[in-house]
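Structure below is run.cif: mmCIF, C-alpha atoms.
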data_entry
#
loop_
_atom_site.group_PDB
_atom_site.id
_atom_site.type_symbol
_atom_site.label_atom_id
_atom_site.label_comp_id
_atom_site.auth_asym_id
_atom_site.auth_seq_id
_atom_site.Cartn_x
_atom_site.Cartn_y
_atom_site.Cartn_z
ATOM 1 C CA MET Q 114 118.040 167.149 3.309
ATOM 2 C CA LEU Q 115 117.995 170.425 1.363
ATOM 3 C CA ALA Q 116 115.307 171.105 -1.223
ATOM 4 C CA GLU Q 117 116.033 170.431 -4.899
ATOM 5 C CA PHE Q 118 117.130 173.928 -5.931
ATOM 6 C CA ASP Q 119 119.226 174.373 -2.795
ATOM 7 C CA LEU Q 120 121.024 171.105 -3.626
ATOM 8 C CA ILE Q 121 121.718 172.352 -7.132
ATOM 9 C CA ARG Q 122 123.073 175.670 -5.875
ATOM 10 C CA ARG Q 123 125.261 174.103 -3.187
ATOM 11 C CA TYR Q 124 126.772 171.160 -5.060
ATOM 12 C CA PHE Q 125 126.393 171.655 -8.795
ATOM 13 C CA THR Q 126 126.546 175.361 -9.587
ATOM 14 C CA SER Q 127 129.852 177.024 -10.377
ATOM 15 C CA PRO Q 128 130.953 179.763 -12.766
ATOM 16 C CA CYS Q 129 131.281 178.494 -16.329
ATOM 17 C CA ARG Q 130 134.932 177.919 -17.147
ATOM 18 C CA ASP Q 131 136.141 180.124 -19.988
ATOM 19 C CA ALA Q 132 132.527 180.830 -20.928
ATOM 20 C CA SER Q 133 133.264 182.778 -24.092
ATOM 21 C CA SER Q 134 135.418 180.121 -25.730
ATOM 22 C CA ARG Q 135 133.237 177.314 -24.370
ATOM 23 C CA SER Q 136 130.230 178.923 -26.035
ATOM 24 C CA VAL Q 137 128.010 178.743 -22.946
ATOM 25 C CA ALA Q 138 125.592 181.631 -23.310
ATOM 26 C CA LEU Q 139 123.517 180.444 -20.324
ATOM 27 C CA GLY Q 140 124.366 177.619 -17.951
ATOM 28 C CA VAL Q 141 122.999 176.138 -14.717
ATOM 29 C CA GLY Q 142 120.096 177.957 -13.073
ATOM 30 C CA ASP Q 143 117.487 178.491 -15.769
ATOM 31 C CA ASP Q 144 114.906 176.268 -17.482
ATOM 32 C CA ALA Q 145 117.456 175.238 -20.101
ATOM 33 C CA ALA Q 146 121.014 175.924 -21.160
ATOM 34 C CA VAL Q 147 121.843 178.091 -24.168
ATOM 35 C CA LEU Q 148 124.895 176.927 -26.122
ATOM 36 C CA THR Q 149 126.616 178.224 -29.250
ATOM 37 C CA PRO Q 150 128.341 175.478 -31.287
ATOM 38 C CA GLN Q 151 131.483 176.424 -33.178
ATOM 39 C CA PRO Q 152 131.194 177.020 -36.929
ATOM 40 C CA GLY Q 153 132.444 174.167 -39.088
ATOM 41 C CA ARG Q 154 131.885 171.531 -36.410
ATOM 42 C CA GLN Q 155 129.093 169.026 -35.861
ATOM 43 C CA LEU Q 156 127.539 168.249 -32.470
ATOM 44 C CA VAL Q 157 127.966 164.753 -31.027
ATOM 45 C CA VAL Q 158 125.464 163.885 -28.258
ATOM 46 C CA SER Q 159 125.085 160.778 -26.094
ATOM 47 C CA VAL Q 160 123.286 159.813 -22.874
ATOM 48 C CA ASP Q 161 124.213 157.113 -20.369
ATOM 49 C CA THR Q 162 122.298 155.979 -17.282
ATOM 50 C CA SER Q 163 123.916 154.381 -14.210
ATOM 51 C CA VAL Q 164 121.682 152.567 -11.714
ATOM 52 C CA VAL Q 165 122.774 151.553 -8.214
ATOM 53 C CA ASP Q 166 123.687 147.858 -7.830
ATOM 54 C CA VAL Q 167 123.323 147.372 -11.580
ATOM 55 C CA HIS Q 168 126.094 149.573 -12.952
ATOM 56 C CA PHE Q 169 127.923 150.408 -9.709
ATOM 57 C CA PRO Q 170 127.794 149.122 -6.116
ATOM 58 C CA GLY Q 171 125.816 151.275 -3.712
ATOM 59 C CA GLU Q 172 128.636 151.017 -1.159
ATOM 60 C CA ALA Q 173 131.204 152.469 -3.548
ATOM 61 C CA PRO Q 174 132.815 155.771 -2.522
ATOM 62 C CA ALA Q 175 130.601 158.699 -3.511
ATOM 63 C CA GLU Q 176 133.534 160.350 -5.288
ATOM 64 C CA ALA Q 177 133.997 157.242 -7.441
ATOM 65 C CA ILE Q 178 130.266 157.135 -8.258
ATOM 66 C CA GLY Q 179 130.382 160.746 -9.475
ATOM 67 C CA HIS Q 180 133.529 160.121 -11.519
ATOM 68 C CA ARG Q 181 132.174 156.916 -13.012
ATOM 69 C CA ALA Q 182 128.799 158.353 -13.993
ATOM 70 C CA LEU Q 183 130.489 160.982 -16.150
ATOM 71 C CA ALA Q 184 133.327 158.746 -17.377
ATOM 72 C CA VAL Q 185 131.068 156.108 -18.933
ATOM 73 C CA ALA Q 186 129.147 158.807 -20.809
ATOM 74 C CA LEU Q 187 132.310 160.540 -22.026
ATOM 75 C CA SER Q 188 133.549 157.202 -23.346
ATOM 76 C CA ASP Q 189 130.843 157.338 -26.026
ATOM 77 C CA LEU Q 190 132.198 160.687 -27.221
ATOM 78 C CA ALA Q 191 135.684 159.172 -27.308
ATOM 79 C CA ALA Q 192 134.446 156.389 -29.582
ATOM 80 C CA MET Q 193 133.207 159.010 -32.043
ATOM 81 C CA GLY Q 194 136.506 160.903 -31.997
ATOM 82 C CA ALA Q 195 134.750 163.892 -30.452
ATOM 83 C CA THR Q 196 136.044 166.686 -28.239
ATOM 84 C CA SER Q 197 133.938 166.949 -25.088
ATOM 85 C CA ARG Q 198 132.260 170.330 -24.497
ATOM 86 C CA TRP Q 199 129.209 170.214 -22.198
ATOM 87 C CA CYS Q 200 127.080 167.866 -20.123
ATOM 88 C CA VAL Q 201 123.766 167.780 -18.274
ATOM 89 C CA MET Q 202 122.991 165.448 -15.376
ATOM 90 C CA ALA Q 203 119.792 164.012 -13.887
ATOM 91 C CA LEU Q 204 120.483 162.709 -10.368
ATOM 92 C CA THR Q 205 117.898 160.624 -8.518
ATOM 93 C CA ILE Q 206 118.738 160.294 -4.806
ATOM 94 C CA ASP Q 207 117.386 157.728 -2.366
ATOM 95 C CA GLN Q 208 117.003 159.832 0.787
ATOM 96 C CA ALA Q 209 116.579 156.675 2.873
ATOM 97 C CA GLN Q 210 120.262 155.835 2.353
ATOM 98 C CA PHE Q 211 121.291 158.714 4.614
ATOM 99 C CA ALA Q 212 121.106 158.565 8.397
ATOM 100 C CA ASP Q 213 120.981 162.358 8.727
ATOM 101 C CA ASP Q 214 121.768 165.614 6.947
ATOM 102 C CA ASN Q 215 125.478 165.325 7.742
ATOM 103 C CA ALA Q 216 125.631 161.953 5.988
ATOM 104 C CA ALA Q 217 123.749 163.394 3.016
ATOM 105 C CA ASP Q 218 126.134 166.364 2.836
ATOM 106 C CA ALA Q 219 129.192 164.095 2.970
ATOM 107 C CA TRP Q 220 127.878 161.881 0.165
ATOM 108 C CA LEU Q 221 126.780 164.744 -2.087
ATOM 109 C CA SER Q 222 130.040 166.628 -1.531
ATOM 110 C CA GLY Q 223 132.048 163.542 -2.482
ATOM 111 C CA TYR Q 224 129.860 162.801 -5.493
ATOM 112 C CA ALA Q 225 130.095 166.379 -6.764
ATOM 113 C CA ARG Q 226 133.884 166.372 -6.245
ATOM 114 C CA GLY Q 227 134.362 163.219 -8.309
ATOM 115 C CA PHE Q 228 132.078 164.453 -11.089
ATOM 116 C CA ALA Q 229 133.618 167.930 -11.223
ATOM 117 C CA ALA Q 230 137.224 166.720 -11.158
ATOM 118 C CA LEU Q 231 136.707 164.587 -14.262
ATOM 119 C CA ALA Q 232 134.708 167.336 -15.970
ATOM 120 C CA ASP Q 233 137.568 169.780 -15.343
ATOM 121 C CA ARG Q 234 140.132 167.261 -16.634
ATOM 122 C CA HIS Q 235 138.304 167.102 -19.963
ATOM 123 C CA ALA Q 236 137.193 170.758 -20.162
ATOM 124 C CA THR Q 237 133.538 169.738 -19.923
ATOM 125 C CA THR Q 238 131.055 172.232 -18.498
ATOM 126 C CA LEU Q 239 128.009 171.078 -16.527
ATOM 127 C CA VAL Q 240 125.285 173.304 -17.973
ATOM 128 C CA GLY Q 241 122.110 171.905 -16.410
ATOM 129 C CA GLY Q 242 120.182 168.923 -15.155
ATOM 130 C CA ASP Q 243 117.653 167.761 -12.604
ATOM 131 C CA ILE Q 244 117.573 166.339 -9.070
ATOM 132 C CA THR Q 245 114.734 164.201 -7.759
ATOM 133 C CA SER Q 246 113.977 161.554 -5.135
ATOM 134 C CA GLY Q 247 113.891 157.796 -5.743
ATOM 135 C CA LEU Q 248 116.193 154.817 -6.310
ATOM 136 C CA LEU Q 249 119.756 156.094 -6.741
ATOM 137 C CA SER Q 250 120.455 156.545 -10.450
ATOM 138 C CA ILE Q 251 122.347 159.017 -12.602
ATOM 139 C CA ALA Q 252 121.649 159.932 -16.222
ATOM 140 C CA VAL Q 253 124.364 162.011 -17.883
ATOM 141 C CA THR Q 254 124.003 163.541 -21.324
ATOM 142 C CA VAL Q 255 127.309 164.587 -22.865
ATOM 143 C CA MET Q 256 127.791 166.905 -25.817
ATOM 144 C CA GLY Q 257 130.902 167.296 -27.906
ATOM 145 C CA ASP Q 258 131.895 168.200 -31.419
ATOM 146 C CA VAL Q 259 133.998 167.128 -34.375
ATOM 147 C CA PRO Q 260 135.048 168.885 -37.578
ATOM 148 C CA ASN Q 261 132.286 168.464 -40.131
ATOM 149 C CA THR Q 262 131.876 164.892 -41.501
ATOM 150 C CA THR Q 263 134.830 163.469 -39.525
ATOM 151 C CA ALA Q 264 133.039 161.592 -36.714
ATOM 152 C CA LEU Q 265 134.087 157.975 -36.277
ATOM 153 C CA THR Q 266 131.265 155.457 -36.619
ATOM 154 C CA ARG Q 267 130.788 151.706 -36.308
ATOM 155 C CA SER Q 268 130.105 151.218 -39.989
ATOM 156 C CA GLY Q 269 133.373 151.921 -41.816
ATOM 157 C CA ALA Q 270 135.380 148.712 -41.254
ATOM 158 C CA ARG Q 271 136.529 146.869 -44.380
ATOM 159 C CA PRO Q 272 137.877 143.345 -44.984
ATOM 160 C CA GLY Q 273 141.636 143.473 -44.514
ATOM 161 C CA ASP Q 274 141.533 146.175 -41.828
ATOM 162 C CA VAL Q 275 143.253 145.214 -38.603
ATOM 163 C CA ILE Q 276 141.338 145.197 -35.320
ATOM 164 C CA ALA Q 277 143.007 147.002 -32.432
ATOM 165 C CA VAL Q 278 142.265 148.092 -28.868
ATOM 166 C CA THR Q 279 143.663 150.830 -26.669
ATOM 167 C CA GLY Q 280 145.044 150.118 -23.200
ATOM 168 C CA ALA Q 281 144.309 146.770 -21.581
ATOM 169 C CA LEU Q 282 141.240 144.568 -21.173
ATOM 170 C CA GLY Q 283 139.484 142.760 -18.348
ATOM 171 C CA GLY Q 284 140.285 145.276 -15.623
ATOM 172 C CA GLY Q 285 136.687 146.348 -15.121
ATOM 173 C CA ALA Q 286 135.444 142.777 -14.682
ATOM 174 C CA GLY Q 287 138.445 141.906 -12.528
ATOM 175 C CA GLY Q 288 137.839 144.897 -10.279
ATOM 176 C CA LEU Q 289 134.166 144.017 -9.882
ATOM 177 C CA ALA Q 290 135.096 140.428 -8.965
ATOM 178 C CA LEU Q 291 137.508 141.673 -6.299
ATOM 179 C CA TRP Q 292 134.914 144.128 -4.944
ATOM 180 C CA ARG Q 293 132.450 141.273 -4.545
ATOM 181 C CA GLU Q 294 135.131 139.341 -2.657
ATOM 182 C CA GLY Q 295 135.538 142.219 -0.209
ATOM 183 C CA GLU Q 296 138.532 144.104 -1.615
ATOM 184 C CA ARG Q 297 138.276 147.792 -0.693
ATOM 185 C CA ASP Q 298 141.778 149.129 -1.403
ATOM 186 C CA LYS Q 299 141.108 151.928 -3.878
ATOM 187 C CA ALA Q 300 144.763 151.802 -4.948
ATOM 188 C CA HIS Q 301 144.434 148.216 -6.208
ATOM 189 C CA PRO Q 302 144.940 148.508 -10.000
ATOM 190 C CA LEU Q 303 141.917 146.344 -10.838
ATOM 191 C CA LEU Q 304 139.612 148.079 -8.388
ATOM 192 C CA GLU Q 305 140.796 151.412 -9.746
ATOM 193 C CA ARG Q 306 139.991 150.266 -13.293
ATOM 194 C CA TYR Q 307 136.437 149.379 -12.224
ATOM 195 C CA LEU Q 308 135.607 152.337 -9.975
ATOM 196 C CA TRP Q 309 137.606 155.059 -11.769
ATOM 197 C CA PRO Q 310 137.505 154.232 -15.508
ATOM 198 C CA THR Q 311 139.364 156.493 -17.928
ATOM 199 C CA PRO Q 312 137.448 157.765 -20.963
ATOM 200 C CA ARG Q 313 139.875 157.692 -23.921
ATOM 201 C CA LEU Q 314 138.959 161.108 -25.326
ATOM 202 C CA ALA Q 315 142.450 162.111 -26.441
ATOM 203 C CA ALA Q 316 142.942 158.703 -28.046
ATOM 204 C CA GLY Q 317 139.628 158.993 -29.893
ATOM 205 C CA GLU Q 318 140.581 162.385 -31.302
ATOM 206 C CA ALA Q 319 143.967 161.039 -32.419
ATOM 207 C CA LEU Q 320 142.482 157.903 -33.985
ATOM 208 C CA ARG Q 321 139.973 159.948 -35.976
ATOM 209 C CA GLU Q 322 142.742 160.487 -38.531
ATOM 210 C CA TRP Q 323 143.507 156.781 -38.987
ATOM 211 C CA ALA Q 324 140.572 154.574 -37.951
ATOM 212 C CA THR Q 325 137.882 153.322 -40.322
ATOM 213 C CA ALA Q 326 135.451 152.363 -37.517
ATOM 214 C CA ALA Q 327 135.324 152.583 -33.732
ATOM 215 C CA ILE Q 328 133.292 151.679 -30.652
ATOM 216 C CA ASP Q 329 133.980 151.847 -26.919
ATOM 217 C CA ILE Q 330 134.195 148.602 -24.953
ATOM 218 C CA SER Q 331 131.448 148.850 -22.365
ATOM 219 C CA ASP Q 332 129.595 145.543 -22.730
ATOM 220 C CA GLY Q 333 132.672 143.389 -23.397
ATOM 221 C CA LEU Q 334 135.048 143.013 -26.344
ATOM 222 C CA LEU Q 335 133.036 140.356 -28.166
ATOM 223 C CA ALA Q 336 129.672 142.057 -27.672
ATOM 224 C CA ASP Q 337 130.944 145.426 -28.863
ATOM 225 C CA LEU Q 338 132.927 143.872 -31.708
ATOM 226 C CA GLY Q 339 129.621 142.275 -32.711
ATOM 227 C CA HIS Q 340 127.965 145.707 -32.920
ATOM 228 C CA LEU Q 341 130.809 147.002 -35.088
ATOM 229 C CA ARG Q 342 130.813 143.905 -37.323
ATOM 230 C CA GLU Q 343 127.070 144.108 -37.844
ATOM 231 C CA ALA Q 344 127.177 147.805 -38.716
ATOM 232 C CA SER Q 345 130.117 147.310 -41.108
ATOM 233 C CA GLY Q 346 129.036 143.978 -42.589
ATOM 234 C CA VAL Q 347 132.367 142.262 -41.908
ATOM 235 C CA GLY Q 348 133.637 139.210 -40.069
ATOM 236 C CA ALA Q 349 136.601 139.049 -37.713
ATOM 237 C CA THR Q 350 139.468 136.740 -36.865
ATOM 238 C CA LEU Q 351 140.912 137.277 -33.388
ATOM 239 C CA SER Q 352 144.261 136.268 -31.935
ATOM 240 C CA LEU Q 353 143.591 135.386 -28.300
ATOM 241 C CA ASP Q 354 147.306 135.437 -27.498
ATOM 242 C CA ALA Q 355 147.389 139.099 -28.539
ATOM 243 C CA LEU Q 356 144.753 140.239 -26.024
ATOM 244 C CA PRO Q 357 146.337 142.832 -23.685
ATOM 245 C CA LEU Q 358 145.311 141.835 -20.152
ATOM 246 C CA ALA Q 359 144.992 144.382 -17.349
ATOM 247 C CA GLU Q 360 147.708 144.494 -14.720
ATOM 248 C CA GLY Q 361 147.196 141.810 -12.068
ATOM 249 C CA LEU Q 362 144.250 140.185 -13.871
ATOM 250 C CA GLU Q 363 145.748 136.719 -14.298
ATOM 251 C CA HIS Q 364 147.021 136.730 -10.721
ATOM 252 C CA ALA Q 365 143.567 137.661 -9.412
ATOM 253 C CA LEU Q 366 141.408 135.406 -11.591
ATOM 254 C CA GLY Q 367 143.653 132.765 -13.141
ATOM 255 C CA PRO Q 368 144.549 132.496 -16.863
ATOM 256 C CA GLU Q 369 141.235 131.186 -18.273
ATOM 257 C CA ALA Q 370 138.995 133.466 -16.218
ATOM 258 C CA ALA Q 371 141.275 136.399 -17.071
ATOM 259 C CA ARG Q 372 140.867 135.703 -20.787
ATOM 260 C CA GLN Q 373 137.110 135.429 -20.401
ATOM 261 C CA ALA Q 374 137.059 138.738 -18.499
ATOM 262 C CA ALA Q 375 138.969 140.362 -21.359
ATOM 263 C CA LEU Q 376 136.560 138.949 -23.953
ATOM 264 C CA THR Q 377 133.226 139.401 -22.205
ATOM 265 C CA GLY Q 378 133.597 141.239 -18.910
ATOM 266 C CA GLY Q 379 132.781 144.783 -19.996
ATOM 267 C CA ASP Q 380 133.351 148.021 -18.056
ATOM 268 C CA ASP Q 381 136.755 148.546 -19.662
ATOM 269 C CA TYR Q 382 135.884 151.721 -21.613
ATOM 270 C CA GLU Q 383 138.832 151.215 -23.925
ATOM 271 C CA LEU Q 384 138.417 151.901 -27.645
ATOM 272 C CA LEU Q 385 138.029 149.128 -30.204
ATOM 273 C CA VAL Q 386 139.007 150.356 -33.659
ATOM 274 C CA THR Q 387 139.644 149.090 -37.162
ATOM 275 C CA LEU Q 388 142.245 150.635 -39.434
ATOM 276 C CA PRO Q 389 144.404 149.747 -42.435
ATOM 277 C CA SER Q 390 147.565 147.877 -41.426
ATOM 278 C CA THR Q 391 149.617 150.597 -43.164
ATOM 279 C CA HIS Q 392 148.382 153.141 -40.595
ATOM 280 C CA VAL Q 393 149.046 151.178 -37.414
ATOM 281 C CA GLU Q 394 152.490 152.603 -36.683
ATOM 282 C CA GLN Q 395 151.408 156.203 -37.279
ATOM 283 C CA ALA Q 396 148.429 155.687 -34.991
ATOM 284 C CA ARG Q 397 150.640 154.108 -32.301
ATOM 285 C CA GLN Q 398 153.075 156.995 -32.435
ATOM 286 C CA GLN Q 399 150.315 159.543 -32.079
ATOM 287 C CA LEU Q 400 148.755 157.706 -29.129
ATOM 288 C CA ALA Q 401 152.141 157.253 -27.455
ATOM 289 C CA ALA Q 402 152.258 161.014 -26.857
ATOM 290 C CA SER Q 403 149.419 160.583 -24.341
ATOM 291 C CA GLY Q 404 150.777 157.323 -22.921
ATOM 292 C CA VAL Q 405 148.085 155.087 -24.446
ATOM 293 C CA PRO Q 406 149.229 151.881 -26.196
ATOM 294 C CA LEU Q 407 147.465 150.410 -29.231
ATOM 295 C CA HIS Q 408 147.362 146.610 -29.578
ATOM 296 C CA VAL Q 409 146.466 144.751 -32.772
ATOM 297 C CA ILE Q 410 144.304 141.758 -31.821
ATOM 298 C CA GLY Q 411 142.885 140.570 -35.145
ATOM 299 C CA GLU Q 412 141.743 141.327 -38.653
ATOM 300 C CA CYS Q 413 138.461 142.003 -40.445
ATOM 301 C CA SER Q 414 137.376 139.555 -43.111
ATOM 302 C CA ASP Q 415 134.565 139.052 -45.606
ATOM 303 C CA ILE Q 416 133.549 135.820 -43.844
ATOM 304 C CA LEU Q 417 130.872 136.808 -41.345
ATOM 305 C CA GLY Q 418 131.190 135.760 -37.705
ATOM 306 C CA VAL Q 419 134.111 135.693 -35.274
ATOM 307 C CA HIS Q 420 136.909 133.223 -35.892
ATOM 308 C CA GLY Q 421 139.870 132.231 -33.742
ATOM 309 C CA LEU Q 422 137.852 131.502 -30.596
ATOM 310 C CA PRO Q 423 137.845 128.145 -28.804
ATOM 311 C CA VAL Q 424 134.798 125.900 -29.139
ATOM 312 C CA GLN Q 425 133.304 127.435 -25.973
ATOM 313 C CA ARG Q 426 130.892 130.229 -26.892
ATOM 314 C CA TYR Q 427 131.438 133.566 -25.216
ATOM 315 C CA HIS Q 428 128.882 136.325 -24.728
ATOM 316 C CA GLY Q 429 129.113 139.909 -23.550
ATOM 317 C CA TRP Q 430 126.981 141.857 -21.105
ATOM 318 C CA GLN Q 431 123.310 141.924 -22.043
ATOM 319 C CA HIS Q 432 120.971 144.476 -20.463
ATOM 320 C CA PHE Q 433 117.840 142.985 -18.837
ATOM 321 C CA LYS Q 434 119.715 139.695 -18.310
ATOM 322 C CA GLY Q 435 122.296 141.215 -15.971
ATOM 323 C CA GLU Q 436 125.058 138.672 -16.576
ATOM 324 C CA THR Q 437 127.562 137.411 -19.101
ATOM 325 C CA PRO Q 438 126.506 133.779 -19.585
#

In structure tokens, write the structure found in this file.
Amino acid sequence: MLAEFDLIRRYFTSPCRDASSRSVALGVGDDAAVLTPQPGRQLVVSVDTSVVDVHFPGEAPAEAIGHRALAVALSDLAAMGATSRWCVMALTIDQAQFADDNAADAWLSGYARGFAALADRHATTLVGGDITSGLLSIAVTVMGDVPNTTALTRSGARPGDVIAVTGALGGGAGGLALWREGERDKAHPLLERYLWPTPRLAAGEALREWATAAIDISDGLLADLGHLREASGVGATLSLDALPLAEGLEHALGPEAARQAALTGGDDYELLVTLPSTHVEQARQQLAASGVPLHVIGECSDILGVHGLPVQRYHGWQHFKGETP
């Protein structure tokens, strides 16, 4: 396998796109990047780490692994209503996974393709990072911006606000279940939802005008709703019949397991938002321009806790436990 700096040059160095308007004074190839934020806008920064066989299967296509590593990080920017600008990536590679240099080249080429394609789609410039040897893991730091004081947060929900989600739920958990059963058709809608998640950046920017609070659904609807409720000091009443289920989820898992996947499965990377009921139609119309539906699934209240669930207690994904009990 090539040495570290040769790997960087071959797979992860390219001319900065539109460098003047992107405000990249110095990109990949030095000790650090030099960036110039736009006047009147605040920086929004987040980091996300993906570890093999914890956050993605090691046998997944390399292109999907590259896409997914960036997508899950960009989803945090979407939840803040931010426009993505730049990213840095720390890639740890397990050299033992490759039989020879040709296998290493094929994997790295696929990984870089998947990462770069999503970065291009969202006008995000890779401006630096690190490559080292060890258990396969990827840490991606994303940087975006918002007009001053307009970032969405988890803490603005008020009693009486409706609770809504973009897209559909349960697809990530459904895709993982099918993968574990041996499904390898990348065109399967559930597998696609798991391996190639879509960060809702355009939706987040649109919702910035209407939402009072927001979070992305990474650990499961109930777990992430819990984070938002705690930050805002509100309770919630959910309508289970209103949950938008991913295409093919009930067929793959059955009705009860499909509902549980939507509530607790995680890996959906949709946006969970609160907003006044009077703004729902305007928000839906604005999202419709990018083909993203908005579904009202409940309402915030001043009675703490989550109401409208069956007696069975649901949990979301919890790090260091590795399951949704």

(Q) For a test of reading the model, state the distance in Å between CA of Leu320 in chain Q and CA of Thr279 in chain Q, rounded to one decimal. (A) 10.2 Å

Q. How would you write, as number ranges by chain, the residues chosen by the PyMOL selection byres ((chain Q and resi 332-337) around 6) on this structure?
A. Q: 330-331, 338-340, 376-379, 429-430

Q: For the file shown, report as a ChimeraX atom specification the outcome of the PyMOL selection byres ((chain Q and resi 308-315) around 7) at residue level.
A: /Q:177,180-181,184-185,187-188,191,196,304-307,316-319,382-383

Just the residues within 12 Å of Glu322 in chain Q, please, counting all atoms listed in the file, with nothing from its chain fewer than 3 positions along; format it as a CSV table (one decimal) with C-alpha atoms, in the frame of the given file.
chain,number,residue,atom,x,y,z
Q,193,MET,CA,133.2,159.0,-32.0
Q,194,GLY,CA,136.5,160.9,-32.0
Q,195,ALA,CA,134.8,163.9,-30.5
Q,259,VAL,CA,134.0,167.1,-34.4
Q,260,PRO,CA,135.0,168.9,-37.6
Q,263,THR,CA,134.8,163.5,-39.5
Q,264,ALA,CA,133.0,161.6,-36.7
Q,265,LEU,CA,134.1,158.0,-36.3
Q,316,ALA,CA,142.9,158.7,-28.0
Q,317,GLY,CA,139.6,159.0,-29.9
Q,318,GLU,CA,140.6,162.4,-31.3
Q,319,ALA,CA,144.0,161.0,-32.4
Q,325,THR,CA,137.9,153.3,-40.3
Q,326,ALA,CA,135.5,152.4,-37.5
Q,327,ALA,CA,135.3,152.6,-33.7
Q,386,VAL,CA,139.0,150.4,-33.7
Q,387,THR,CA,139.6,149.1,-37.2
Q,388,LEU,CA,142.2,150.6,-39.4
Q,389,PRO,CA,144.4,149.7,-42.4
Q,392,HIS,CA,148.4,153.1,-40.6
Q,393,VAL,CA,149.0,151.2,-37.4
Q,395,GLN,CA,151.4,156.2,-37.3
Q,396,ALA,CA,148.4,155.7,-35.0
Q,397,ARG,CA,150.6,154.1,-32.3
Q,399,GLN,CA,150.3,159.5,-32.1
Q,400,LEU,CA,148.8,157.7,-29.1

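Counting from CA of Val201 in chain Q, the distance to CA of Asp166 in chain Q is 22.5 Å.
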
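If you look at CA of Gly418 in chain Q and CA of Thr350 in chain Q, they are 8.4 Å away from each other.
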
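When the PyMOL selection byres ((chain Q and resi 244-251) around 9) is evaluated against the file, it yields Glu117, Phe118, Leu120, Ile121, Asp161, Thr162, Ser163, Val164, Val165, Gly171, Gly179, Ala182, Met202, Ala203, Leu204, Thr205, Ile206, Asp207, Gln208, Gly242, Asp243, Ala252 and Val253 of chain Q.
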
Q | Contacts of Gly257 in chain Q within 8 Å, only C-alpha atoms, excl. fewer than 5 positions in-chain, as number ranges by chain | A | Q: 156-158, 190, 195-199

Q | Pick from Q:Glu394, Q:Asp380, Q:Asp143, Q:Asp274, whichever lies nearest to Val167 in chain Q using all atoms listed in the file | A | Q:Asp380

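With distances taken over all atoms listed in the file, Q:Cys200 is the one residue among Q:Ala401, Q:Ile410, Q:Cys200, Q:Val419 lying closest to Gly140 in chain Q.
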
Q: Return the single residue from Q:Glu294, Q:Val160, Q:Val137, Q:Ala375 that is closest to Ala186 in chain Q, with distances computed using only C-alpha atoms.
A: Q:Val160

Q: Give the answer as one residue: which of Q:Val240, Q:Ala192, Q:Ala365, Q:Ile328 has the shortest atom-to-atom distance to Ala138 in chain Q, using all atoms listed in the file?
A: Q:Val240

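Using all atoms listed in the file, the smallest distance between any of Q:Gly142, Q:Gly227, Q:Gly346, Q:Gly273 and Ile178 in chain Q comes from Q:Gly227.
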
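Nearest to Asp381 in chain Q of all the residues Q:Pro357, Q:Pro302, Q:Gly284, Q:Gly241 is Q:Gly284, counting only C-alpha atoms.
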
Size and centre in Å, one decimal, axis-aligned box, all listed range 347-358 of chain Q atoms plus 3 Å per side, as lines of an AutoDock Vina configuration file:
center_x = 139.9
center_y = 139.1
center_z = -31.0
size_x = 21.0
size_y = 13.4
size_z = 27.8
